[in-house]
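input.txt follows; it contains compact mmCIF, C-alpha atoms.
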# COMPACT_ATOMS: atom_id res chain seq x y z
CA MET A 1 32.49 -6.64 1.17
CA GLY A 2 29.01 -7.97 2.03
CA ALA A 3 26.00 -5.84 2.75
CA THR A 4 26.11 -6.79 6.44
CA ARG A 5 29.41 -4.88 6.83
CA ARG A 6 28.13 -1.71 5.26
CA LYS A 7 26.71 1.25 7.08
CA LYS A 8 22.97 0.96 7.38
CA LEU A 9 21.16 3.81 5.63
CA ARG A 10 18.92 6.12 7.60
CA THR A 11 15.24 6.09 6.64
CA SER A 12 15.55 9.61 5.16
CA GLU A 13 18.33 8.38 2.85
CA ILE A 14 16.11 5.77 1.20
CA PRO A 15 13.64 6.54 -1.62
CA PRO A 16 9.99 6.02 -0.59
CA VAL A 17 9.60 3.30 -3.23
CA LEU A 18 12.16 0.86 -4.62
CA TYR A 19 11.74 -1.88 -7.22
CA ALA A 20 12.98 -5.47 -7.17
CA SER A 21 13.01 -8.16 -9.83
CA VAL A 22 12.67 -11.53 -8.08
CA SER A 23 12.32 -15.11 -9.27
CA GLN A 24 8.94 -16.79 -8.97
CA LYS A 25 10.59 -19.37 -6.72
CA ALA A 26 11.77 -16.64 -4.34
CA LEU A 27 8.29 -15.10 -4.39
CA ARG A 28 6.62 -18.42 -3.58
CA ARG A 29 9.04 -18.89 -0.69
CA ALA A 30 8.27 -15.38 0.57
CA LEU A 31 4.56 -16.15 0.53
CA ARG A 32 5.22 -19.10 2.84
CA SER A 33 7.80 -17.48 5.12
CA ARG A 34 6.45 -13.89 4.93
CA LEU A 35 10.02 -12.77 4.17
CA LEU A 36 11.49 -11.82 0.80
CA PHE A 37 15.15 -12.78 0.28
CA ARG A 38 17.42 -14.28 -2.39
CA LEU A 39 17.76 -18.04 -2.33
CA ASN A 40 21.54 -17.94 -2.94
CA GLY A 41 22.20 -15.90 0.19
CA LYS A 42 23.22 -12.74 -1.69
CA PRO A 43 21.52 -9.43 -0.83
CA LEU A 44 18.39 -8.33 -2.66
CA ALA A 45 19.04 -5.82 -5.43
CA LEU A 46 16.66 -2.86 -5.30
CA PHE A 47 16.40 -0.03 -7.83
CA ASP A 48 15.10 3.53 -7.68
CA ARG A 49 13.40 3.17 -11.07
CA ARG A 50 11.07 0.47 -12.30
CA SER A 51 12.80 0.44 -15.70
CA ARG A 52 16.09 -0.60 -14.06
CA ALA A 53 14.44 -3.53 -12.30
CA ALA A 54 12.48 -4.46 -15.43
CA ARG A 55 15.72 -4.98 -17.36
CA ARG A 56 16.37 -7.97 -15.13
CA ALA A 57 12.86 -9.35 -15.53
CA ASN A 58 11.85 -12.19 -17.85
CA ALA A 59 9.18 -14.90 -18.08
CA THR A 60 10.31 -16.45 -14.79
CA ARG A 61 10.66 -13.23 -12.78
CA VAL A 62 8.31 -10.58 -11.45
CA VAL A 63 8.87 -6.89 -10.60
CA LEU A 64 7.74 -5.86 -7.12
CA ARG A 65 7.24 -2.38 -5.71
CA ILE A 66 8.67 -2.04 -2.21
CA ALA A 67 7.53 0.52 0.37
CA SER A 68 11.16 0.97 1.36
CA ARG A 69 10.90 3.84 3.86
CA VAL A 70 7.98 2.17 5.61
CA ALA A 71 9.97 -1.08 5.74
CA ALA A 72 13.04 0.75 7.07
CA ALA A 73 10.99 2.45 9.77
CA ALA A 74 9.79 -1.04 10.81
CA GLY A 75 13.38 -2.29 11.12
CA ALA A 76 14.44 -3.53 7.67
CA ALA A 77 18.07 -2.68 6.86
CA PHE A 78 19.00 -1.02 3.55
CA TYR A 79 22.48 -0.35 2.14
CA ASN A 80 23.95 1.60 -0.76
CA GLY A 81 24.94 -0.20 -3.93
CA ARG A 82 25.91 1.26 -7.27
CA PRO A 83 24.25 4.56 -8.34
CA GLY A 84 20.50 4.00 -8.51
CA ARG A 85 20.82 0.68 -6.72
CA PHE A 86 20.27 -0.32 -3.10
CA GLU A 87 20.58 -3.62 -1.26
CA ALA A 88 18.81 -5.41 1.58
CA GLU A 89 19.33 -8.83 3.10
CA SER A 90 15.58 -9.38 3.48
CA ILE A 91 12.28 -7.50 3.44
CA PRO A 92 8.93 -8.59 4.93
CA ILE A 93 6.55 -9.41 2.08
CA LYS A 94 3.86 -7.14 3.61
CA PHE A 95 5.83 -4.15 2.32
CA ALA A 96 5.66 -5.37 -1.30
CA ALA A 97 3.13 -4.83 -4.07
CA CYS A 98 2.62 -6.44 -7.44
CA THR A 99 0.14 -5.34 -10.10
CA LYS A 100 -0.39 -8.85 -11.44
CA LEU A 101 0.41 -12.19 -9.86
CA PRO A 102 2.27 -14.76 -11.98
CA CYS A 103 0.43 -18.01 -12.68
CA PRO A 104 2.44 -20.26 -10.30
CA VAL A 105 1.12 -18.41 -7.22
CA ARG A 106 -2.56 -18.28 -8.14
CA GLY A 107 -3.38 -20.45 -5.12
CA LEU A 108 -2.68 -17.48 -2.87
CA THR A 109 -5.74 -16.17 -1.03
CA ARG A 110 -7.10 -13.05 -2.72
CA VAL A 111 -9.03 -10.42 -0.79
CA ASP A 112 -11.53 -8.44 -2.88
CA ALA A 113 -12.05 -5.08 -1.18
CA ALA A 114 -13.36 -1.59 -1.92
CA GLY A 115 -12.98 1.84 -0.42
CA GLY A 116 -13.05 5.55 -1.03
CA ILE A 117 -10.93 8.63 -1.48
CA VAL A 118 -13.32 10.85 0.50
CA VAL A 119 -12.95 14.59 -0.10
CA ALA A 120 -14.34 17.31 2.17
CA PRO A 121 -16.19 20.29 0.63
CA ASN A 122 -15.06 23.90 0.31
CA GLY A 123 -11.64 25.47 -0.12
CA LYS A 124 -8.52 23.40 -0.69
CA PRO A 125 -9.43 19.70 -1.06
CA ARG A 126 -8.94 17.63 2.07
CA VAL A 127 -8.98 13.84 2.06
CA LEU A 128 -10.06 11.47 4.84
CA LEU A 129 -7.51 9.17 6.49
CA LEU A 130 -8.00 6.77 9.40
CA ARG A 131 -5.33 5.79 11.90
CA LYS A 132 -5.00 2.10 12.63
CA ARG A 133 -4.19 1.16 16.21
CA GLU A 134 -1.37 -1.32 15.62
CA ARG A 135 1.89 -2.24 17.26
CA PRO A 136 4.73 -1.37 17.05
CA ALA A 137 3.51 1.83 15.37
CA ASN A 138 0.27 3.48 14.35
CA ARG A 139 -0.33 4.01 10.64
CA TRP A 140 -2.70 6.08 8.49
CA VAL A 141 -4.83 4.31 5.90
CA LEU A 142 -7.64 4.98 3.46
CA PRO A 143 -11.09 3.73 4.52
CA LYS A 144 -11.82 0.39 2.85
CA GLY A 145 -12.98 -3.14 3.56
CA LYS A 146 -13.86 -6.55 2.19
CA ARG A 147 -16.66 -6.90 -0.30
CA GLN A 148 -19.46 -9.18 0.79
CA ARG A 149 -20.57 -12.07 -1.40
CA GLN A 150 -22.39 -10.80 -4.52
CA GLU A 151 -22.16 -7.22 -3.24
CA ALA A 152 -21.45 -4.57 -5.87
CA ARG A 153 -18.05 -2.95 -5.34
CA ARG A 154 -19.50 0.58 -5.40
CA ARG A 155 -21.98 -0.36 -2.67
CA ALA A 156 -19.24 -2.10 -0.67
CA ALA A 157 -17.02 0.97 -0.89
CA ARG A 158 -19.77 3.25 0.44
CA ARG A 159 -20.72 0.83 3.22
CA GLU A 160 -17.14 0.38 4.41
CA VAL A 161 -16.38 4.11 4.40
CA ILE A 162 -19.44 4.88 6.52
CA GLU A 163 -18.86 1.94 8.88
CA GLU A 164 -15.22 2.79 9.52
CA SER A 165 -15.39 6.58 9.64
CA GLY A 166 -18.78 7.16 11.24
CA LEU A 167 -19.67 9.75 8.59
CA ALA A 168 -23.40 10.33 8.29
CA ARG A 169 -23.37 10.33 4.49
CA VAL A 170 -21.03 10.24 1.48
CA GLU A 171 -21.71 10.75 -2.22
CA VAL A 172 -20.02 8.09 -4.33
CA GLY A 173 -18.50 9.43 -7.54
CA PRO A 174 -16.44 7.84 -10.32
CA TYR A 175 -14.31 4.74 -10.05
CA LEU A 176 -10.62 5.61 -9.73
CA MET A 177 -8.48 2.49 -9.85
CA ARG A 178 -7.55 -0.79 -8.19
CA GLU A 179 -4.60 -1.11 -5.81
CA HIS A 180 -2.84 -4.50 -5.51
CA TYR A 181 -0.49 -5.47 -2.68
CA PHE A 182 0.52 -8.22 -0.26
CA ASP A 183 -0.56 -8.23 3.38
CA VAL A 184 -0.57 -10.59 6.36
CA GLU A 185 -3.84 -11.64 7.99
CA ASN A 186 -4.01 -14.13 10.86
CA GLY A 187 -0.41 -15.13 10.20
CA ARG A 188 -0.94 -15.87 6.50
CA VAL A 189 0.00 -13.83 3.43
CA VAL A 190 -2.90 -12.62 1.30
CA PHE A 191 -3.08 -10.62 -1.91
CA LYS A 192 -5.37 -7.61 -1.58
CA GLU A 193 -7.14 -6.03 -4.53
CA VAL A 194 -8.83 -2.79 -3.47
CA SER A 195 -11.14 -0.83 -5.79
CA TYR A 196 -11.25 2.88 -4.93
CA TYR A 197 -13.95 5.42 -5.76
CA LEU A 198 -13.85 9.19 -5.53
CA MET A 199 -16.33 10.27 -2.85
CA ARG A 200 -17.51 13.60 -1.51
CA CYS A 201 -18.69 14.40 1.99
CA PRO A 202 -21.65 16.84 2.04
CA LYS A 203 -21.13 20.23 3.66
CA GLY A 204 -21.77 20.14 7.38
CA LYS A 205 -21.43 16.33 7.53
CA THR A 206 -17.67 16.00 8.08
CA GLN A 207 -17.75 14.97 11.75
CA LEU A 208 -15.93 11.69 12.30
CA LYS A 209 -16.66 8.89 14.77
CA VAL A 210 -14.20 6.14 13.91
CA ASN A 211 -15.04 2.50 14.50
CA ARG A 212 -12.77 1.49 17.37
CA ALA A 213 -14.09 -2.08 17.28
CA GLU A 214 -12.33 -2.47 13.92
CA GLY A 215 -9.02 -1.22 15.28
CA PHE A 216 -9.18 2.47 14.39
CA ALA A 217 -7.83 5.04 16.84
CA ALA A 218 -8.57 8.31 15.03
CA GLY A 219 -9.64 9.97 11.82
CA LYS A 220 -8.36 13.15 10.19
CA TRP A 221 -8.96 15.37 7.17
CA MET A 222 -5.61 16.06 5.45
CA SER A 223 -4.40 17.85 2.37
CA PHE A 224 -3.36 15.55 -0.47
CA ASP A 225 0.30 16.33 0.21
CA GLU A 226 -0.15 15.40 3.88
CA ALA A 227 -2.01 12.22 2.91
CA LEU A 228 0.79 11.17 0.54
CA ALA A 229 3.34 11.73 3.29
CA ALA A 230 1.34 9.75 5.87
CA THR A 231 0.34 6.65 3.89
CA ASN A 232 2.06 3.55 2.54
CA PRO A 233 3.14 4.46 -1.03
CA VAL A 234 2.57 1.03 -2.58
CA ARG A 235 -0.93 0.77 -1.10
CA ALA A 236 -2.42 4.24 -1.47
CA HIS A 237 -0.40 6.69 -3.56
CA ARG A 238 -1.61 5.74 -7.03
CA SER A 239 -5.26 6.15 -6.07
CA LEU A 240 -4.59 9.36 -4.13
CA ARG A 241 -2.80 10.92 -7.10
CA LYS A 242 -5.55 9.80 -9.48
CA ALA A 243 -8.17 11.36 -7.19
CA ARG A 244 -6.27 14.64 -7.05
CA THR A 245 -5.98 14.71 -10.85
CA ALA A 246 -9.71 13.98 -11.23
CA ILE A 247 -10.60 16.86 -8.89
CA LYS A 248 -8.34 19.32 -10.73
CA ALA A 249 -9.86 18.29 -14.08
CA ARG A 250 -13.34 19.35 -12.97
Please re-express this file's structure in structure tokens.
Amino acid sequence: MGATRRKKLRTSEIPPVLYASVSQKALRRALRSRLLFRLNGKPLALFDRRSRAARRANATRVVLRIASRVAAAAGAAFYNGRPGRFEAESIPIKFAACTKLPCPVRGLTRVDAAGGIVVAPNGKPRVLLLRKRERPANRWVLPKGKRQRQEARRRAARREVIEESGLARVEVGPYLMREHYFDVENGRVVFKEVSYYLMRCPKGKTQLKVNRAEGFAAGKWMSFDEALAATNPVRAHRSLRKARTAIKAR
């Protein structure tokens, strides 16, 4: 029985992140069509653990992280397979992430960006999120933006956070990590590489005035648990968790 005849899973029945091992040919096709699917017409195999997908990987394949619940909420259909395995006929490439691109797709446009995990002072740590005004649904994101030519990433991160949030001042702390994922800009797939820094907002300077000209509708200070629940897991969760660990270690 094919996946199209199975009962579509509800979003709550799908793990937040699934892993897929795809051929480089399928990936190149997805970069052109903006849609990830198997070339032989069979459903995509998705796994709840990276190790299970990695068993299928080799020199000609690449393991992708899929923001499965976010994709399902946007209309992608997921079905049950064997234990630990799920299936989908296709998934938009914008819901996929890959730590390192294979050589055959190096011609893909790369976007070098920087941003901040901005933490408010006092009490239980709260982190800044911005809400993008997009259709069909709004989404919460970390403040970030493209690095200008020859601009230091740390400086770019501070500039973008202030420009997008309207904060009067932020103190830039240690570098956290670099997130890598696919996105679509002006109808074309790009590969974003975002460097995140831990930042602190001085006491009494937490008022937000988001930049509506850049497509932001609102800003909010959230707990780390709330931020993890509100954001795309393959774009923000690794840096959020690293920031939380760095704060606890102090």
Point to revise | Nearest to Pro43 in chain A, chosen from A:Ala77, A:Ala229, A:Val189, A:Val234, with only C-alpha atoms counted in the distances | key: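 Comparing A:Ala77, A:Ala229, A:Val189, A:Val234 against Pro43 in chain A, the winner is A:Ala77.
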Practice item. Write out as JSON, numbers by chain the residues lying within 9 Å of range 149-156 of chain A, counting all atoms listed in the file and excluding same-chain residues fewer than 3 positions away. Key: {"A": [112, 113, 114, 115, 144, 145, 146, 159, 160, 161, 172, 175, 195, 196, 197]}
Review point. Closest to Phe86 in chain A among A:Glu163, A:Glu226, A:Glu214, A:Glu13, using all atoms listed in the file?
Key: A:Glu13
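Compared by their closest atoms to Val63 in chain A, and using all atoms listed in the file, the residues A:Tyr79, A:Ala96, A:Arg85, A:Tyr19 rank with A:Tyr19 nearest.
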Exercise for review: With only C-alpha atoms counted, which protein, DNA or RNA residues have an atom no more than 12 Å from (17.6, 8.8, -9.1) in the file frame? Please answer as a list in words.
Suggested key: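 Selection result: Glu13, Ile14, Pro15, Pro16, Val17, Leu18, Phe47, Asp48, Arg49, Arg50, Ser51, Arg52, Arg82, Pro83, Gly84, Arg85 and Phe86 of chain A.
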Please dump the current selection as a compact mmCIF listing (two decimals), in the coordinates of the input; keep C-alpha atoms.
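Result written to part-v3.txt:
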# COMPACT_ATOMS: atom_id res chain seq x y z
CA GLU A 13 18.33 8.38 2.85
CA ILE A 14 16.11 5.77 1.20
CA PRO A 15 13.64 6.54 -1.62
CA PRO A 16 9.99 6.02 -0.59
CA VAL A 17 9.60 3.30 -3.23
CA LEU A 18 12.16 0.86 -4.62
CA PHE A 47 16.40 -0.03 -7.83
CA ASP A 48 15.10 3.53 -7.68
CA ARG A 49 13.40 3.17 -11.07
CA ARG A 50 11.07 0.47 -12.30
CA SER A 51 12.80 0.44 -15.70
CA ARG A 52 16.09 -0.60 -14.06
CA ARG A 82 25.91 1.26 -7.27
CA PRO A 83 24.25 4.56 -8.34
CA GLY A 84 20.50 4.00 -8.51
CA ARG A 85 20.82 0.68 -6.72
CA PHE A 86 20.27 -0.32 -3.10
Proximity check range 128-205 of chain A to range 236-243 of chain A, 7 Å, nearest pairs one decimal Å, all atoms listed in the file, as a Markdown table:
| residue | atom | partner | partner_atom | distance |
| --- | --- | --- | --- | --- |
| A:Leu176 | CA | A:Ser239 | CA | 6.5 |
| A:Met177 | CA | A:Ser239 | CA | 6.2 |
| A:Tyr196 | CA | A:Ser239 | CA | 6.9 |
| A:Leu198 | CA | A:Ala243 | CA | 6.3 |
Counting only C-alpha atoms, find residues at most 7 Å from (-17.3, 13.2, 13.3) (file frame) and give them as a PDB file with C-alpha atoms, keeping the file's coordinate frame.
ATOM      1  CA  GLY A 166     -18.780   7.160  11.240  1.00  0.00           C
ATOM      2  CA  LEU A 167     -19.670   9.750   8.590  1.00  0.00           C
ATOM      3  CA  THR A 206     -17.670  16.000   8.080  1.00  0.00           C
ATOM      4  CA  GLN A 207     -17.750  14.970  11.750  1.00  0.00           C
ATOM      5  CA  LEU A 208     -15.930  11.690  12.300  1.00  0.00           C
ATOM      6  CA  LYS A 209     -16.660   8.890  14.770  1.00  0.00           C
TER       7      LYS A 209
END
Review point. A:Arg188, A:Ile162, A:Trp140, A:Asn211: which is nearest Arg235 in chain A, counting all atoms listed in the file?
Key: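 Closest candidate: A:Trp140.
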Check your understanding: Counting all atoms listed in the file, what is within 8 Å of Arg131 in chain A, bar same-chain residues fewer than 3 positions away, as a ChimeraX atom specification?
Key -> /A:138-141,216-219
Point to revise | Selected residue of minimal separation from Leu101 in chain A among A:Leu9, A:Ala53, A:Leu64, A:Ala72, counting all atoms listed in the file | key: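 Smallest separation from Leu101 in chain A among the options: A:Leu64.
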Exercise for review: May I ask for the distance between CA of Ala54 in chain A and CA of Leu27 in chain A, given in Å to one decimal place?
Suggested key: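 That distance, rounded to one decimal, is 15.9 Å.
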Exercise for review: Using CA of Asn40 in chain A and CA of Lys7 in chain A as the two end points, give the distance in Å to one decimal.
Suggested key: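 Answer for the CA of Asn40 in chain A to CA of Lys7 in chain A separation: 22.3 Å.
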What lies within 12 Å of Gly107 in chain A using all atoms listed in the file, ignoring chain neighbours under 4 positions off, as a short mmCIF file (atom, residue, chain, number, x, y, z; two decimals) with C-alpha atoms, keeping the file's coordinate frame?
data_model
loop_
_atom_site.label_atom_id
_atom_site.label_comp_id
_atom_site.auth_asym_id
_atom_site.auth_seq_id
_atom_site.Cartn_x
_atom_site.Cartn_y
_atom_site.Cartn_z
CA ARG A 28 6.62 -18.42 -3.58
CA LEU A 31 4.56 -16.15 0.53
CA ARG A 32 5.22 -19.10 2.84
CA LEU A 101 0.41 -12.19 -9.86
CA PRO A 102 2.27 -14.76 -11.98
CA CYS A 103 0.43 -18.01 -12.68
CA VAL A 189 0.00 -13.83 3.43
CA VAL A 190 -2.90 -12.62 1.30
CA PHE A 191 -3.08 -10.62 -1.91
#
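Residue nearest Lys192 in chain A, chosen from A:Cys98, A:Ala230, A:Val105, A:Ala157 and counting all atoms listed in the file: A:Cys98.
Rounded to one decimal, CA of Asn58 in chain A and CA of Val194 in chain A lie 26.9 Å from each other.
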Practice item. Can you pull out every residue within 8 Å of Ala71 in chain A, counting only C-alpha atoms, but drop anything in the same chain fewer than 6 positions away, and send it as a PyMOL selection string? Key: chain A and resi 91-92+95
